[in-house]
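*Asks:* Pasting a structure here, questions to come.
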Amino acid sequence: MTESQVSVEMLDVRLLINGEWVSGSEGNRLTIIDPATNSPCGHVAVASERDLANAVAAAEEGFNAWRNIPPFQRATILGKAATLLRERAGDIAADLSAEQGKPFAQAKHEVSGAADVIEWFAEEGKRCFGQVIPGRTTDTHTLTRLEPIGPVAAFTPWNFPVSQAVKKVAAALAAGCSIILKGPEEAPGACAGMMKCFADAGLPSGSVGLLYGNPAEISNYLVAHDSIRCVTLTGSVAVGKTVASLAGRYMKPVVMELGGHAPVIVCEDADLDLAVEQLVKMKFLNAGQVCLSPTRFLVARKIYDDFVSRFRERAVALKIDAGDNPEADMGPLASQRRIESMEALVADAIEVGATLKCGGQRLERTGCFFMPTVLSNVPTEARAMNEEPFGPVALIRPFDTVEEALVEANRLPFGLASYIFTNSIQTEAFLTENIQAGMVAVNRIFSSNIEAPFSGVKDSGYGTEGGTFAIRNFLTEKMITRFVG
Ligand code: NAD
């Protein structure tokens, strides 16, 4: 049996409250749908208000226990969680592929990468020092201590159910905080598998919690609760604004990793083979359901026709199938709703004048499969040019000057990822300095390594989830000044 043939039993996803995996006090549950077959592949427990209260009480106790464990010991326990995650990566990836649709190899990569994230933050947790600040007079002594902020509430999406969640959980725990994660109901199994590695590694019960249920009810309860001291969310701009407003009302600091609408600028001096090869790979990764997905392709007029035809040729050659086919490049979209959304965006783009080069429709088979789609000469008023499509749709339009491309790149309120392809150092410098984005990839696509910052500007959010500053989201700096004279 090859790894990709690992069979997935019906998932029975429970809540993690105070170290116990429970079904929820009211016994309610939601069905999980396999998007490759449109059939149920399991169910997930729904938290009641009593469960929420229990989870918060446990997180408070868990915080008091965990924060008092010295950082080196915490790092050892977190390291054990990473080891367990690596050992269980095949099974967790099989669940992920079944419930979310991505090819098994990509799911496995996501889970193994999550173990790297835990190890990175475990080490960072050892380096949370304060400062000693010379006094203005010889009889004063001032210093700072970095302290864990307290129990954290985290909310994460379904597109990368393991890798989005682990960045929050590992960073908060490494800082000495406890954390309650509200994972994605659409793809809850792999996220639960990852959380089980933390629970089994020997963390104090209550220091990690996992909830599913009604997202608005859970956020209303957790964010408002006095015990919760920090809120972190990865998701859409609309939900981010709702939750950030709520957090503002209760004076809770937030980290917001929200949607994007990444511009791609392909200049006339770019290496076209490289640009097409890299961009096709990134555009159709996870069926385009990626916050970093290249979306508005702005291509210099001189190379425009060539780019469109080469991009199209590669897009139609992709193999689309269920995640358990090792040959599949792209799996189904996550749900029927996403198919309908793609159909509506494509129809609208054509109506306002775009040309359909390939795809544009669902595959004639069971499951949520949508063809890789390329639209050219897409007017800026098309809905897809303004709303995050979050699907396998490339929108291409020509530009005459780099300045004009920059204006289009910066037109939208989003500011997450951006891509530049050029062989001119001057053009690169001009664009990287002036593009309004948290991240810019030049002649490359992103690989989101945890040691590098990951963040957006404008409506795409604030706070970073990678790099040396990410752990600071979960720390407060206490200043202590003493009279020593
Ligand atoms: P979403 O905003 O619908 O949901 C995100 C999380 O918030 C989920 O856990 C969801 O259940 C929860 N949620 C939904 N409504 C809520 C509410 N009213 N109150 C509290 N929580 C609520 O996003 P999604 O559809 O799960 O994910 C796709 C979005 O996530 C896209 O916009 C994508 O760009 C974005 N995303 C951003 C990043 C990033 O790092 N910037 C990474 C991945 C995905």
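Each chain in the structure tokens gets a letter, A, B, ..., in the order shown, and its residues are numbered from 1; ligands are numbered from 1 in order too.
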Which residues of chain A come within 6 Å of ligand 1, and what is each one's closest atom pair and distance in Å (one decimal), counting only C-alpha atoms and all ligand atoms, sorted by chain and residue number, as CSV?
*Replies:*
```
residue,atom,partner,partner_atom_place_in_ligand_line,distance
A:Phe155,CA,ligand 1,9 (O),4.5
A:Thr156,CA,ligand 1,9 (O),4.2
A:Pro157,CA,ligand 1,26 (O),3.4
A:Trp158,CA,ligand 1,26 (O),4.9
A:Lys182,CA,ligand 1,9 (O),5.7
A:Gly183,CA,ligand 1,9 (O),5.0
A:Pro184,CA,ligand 1,9 (O),4.4
A:Pro215,CA,ligand 1,22 (C),4.4
A:Ala216,CA,ligand 1,19 (N),3.7
A:Ser219,CA,ligand 1,20 (C),4.6
A:Thr234,CA,ligand 1,37 (C),5.2
A:Gly235,CA,ligand 1,30 (O),3.2
A:Ser236,CA,ligand 1,32 (O),3.4
A:Val239,CA,ligand 1,2 (O),4.5
A:Val243,CA,ligand 1,19 (N),5.8
A:Glu257,CA,ligand 1,41 (N),3.7
A:Leu258,CA,ligand 1,41 (N),3.9
A:Gly259,CA,ligand 1,34 (O),3.1
A:Gly260,CA,ligand 1,34 (O),5.2
A:Cys291,CA,ligand 1,34 (O),3.5
```
*Asks:* If DSSP is run on the backbone, what residues of stretch 186-380 of chain A are alpha helix (DSSP H)? A reply as a PyMOL selection string would be ideal.
*Replies:* chain A and resi 189-200+215-224+237-249+272-283+301-316+336-351
*Asks:* Could I get the residues of stretch 59-121 of chain A with an atom no further than 6 Å from an atom of stretch 168-180 of chain A, each paired with its nearest atom pair and that distance in Å to one decimal, using only C-alpha atoms, sorted by chain and residue number, as CSV?
*Replies:*
```
residue,atom,partner,partner_atom,distance
A:Ala59,CA,A:Ser178,CA,5.8
A:Phe63,CA,A:Ser178,CA,4.8
A:Arg67,CA,A:Gly176,CA,4.6
A:Ile118,CA,A:Ala170,CA,5.2
A:Phe121,CA,A:Ala171,CA,5.5
```
*Asks:* So which one's closest to A:Ala409, A:Pro35, A:Pro389, A:Pro294, A:Pro134? Using only C-alpha atoms, please.
*Replies:* A:Pro294
*Asks:* Select, from A:Leu30, A:Ala107, A:Val152, A:Ala470, the residue with the minimum atom-to-atom distance to A:Cys191, counting only C-alpha atoms.
*Replies:*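 For A:Cys191, the nearest of the candidates is A:Ala107.
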*Asks:* Considering only C-alpha atoms, can you say which of A:Ala287, A:Trp66, A:Gly360, A:Ala270 comes closest to A:Asn423?
*Replies:*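 Nearest candidate to A:Asn423 out of A:Ala287, A:Trp66, A:Gly360, A:Ala270: A:Ala270.
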*Asks:* Taking into account only C-alpha atoms, which residue in the set A:Val255, A:Asn434, A:Ala105, A:Ala154 is nearest to A:Ile218?
*Replies:* A:Ala154
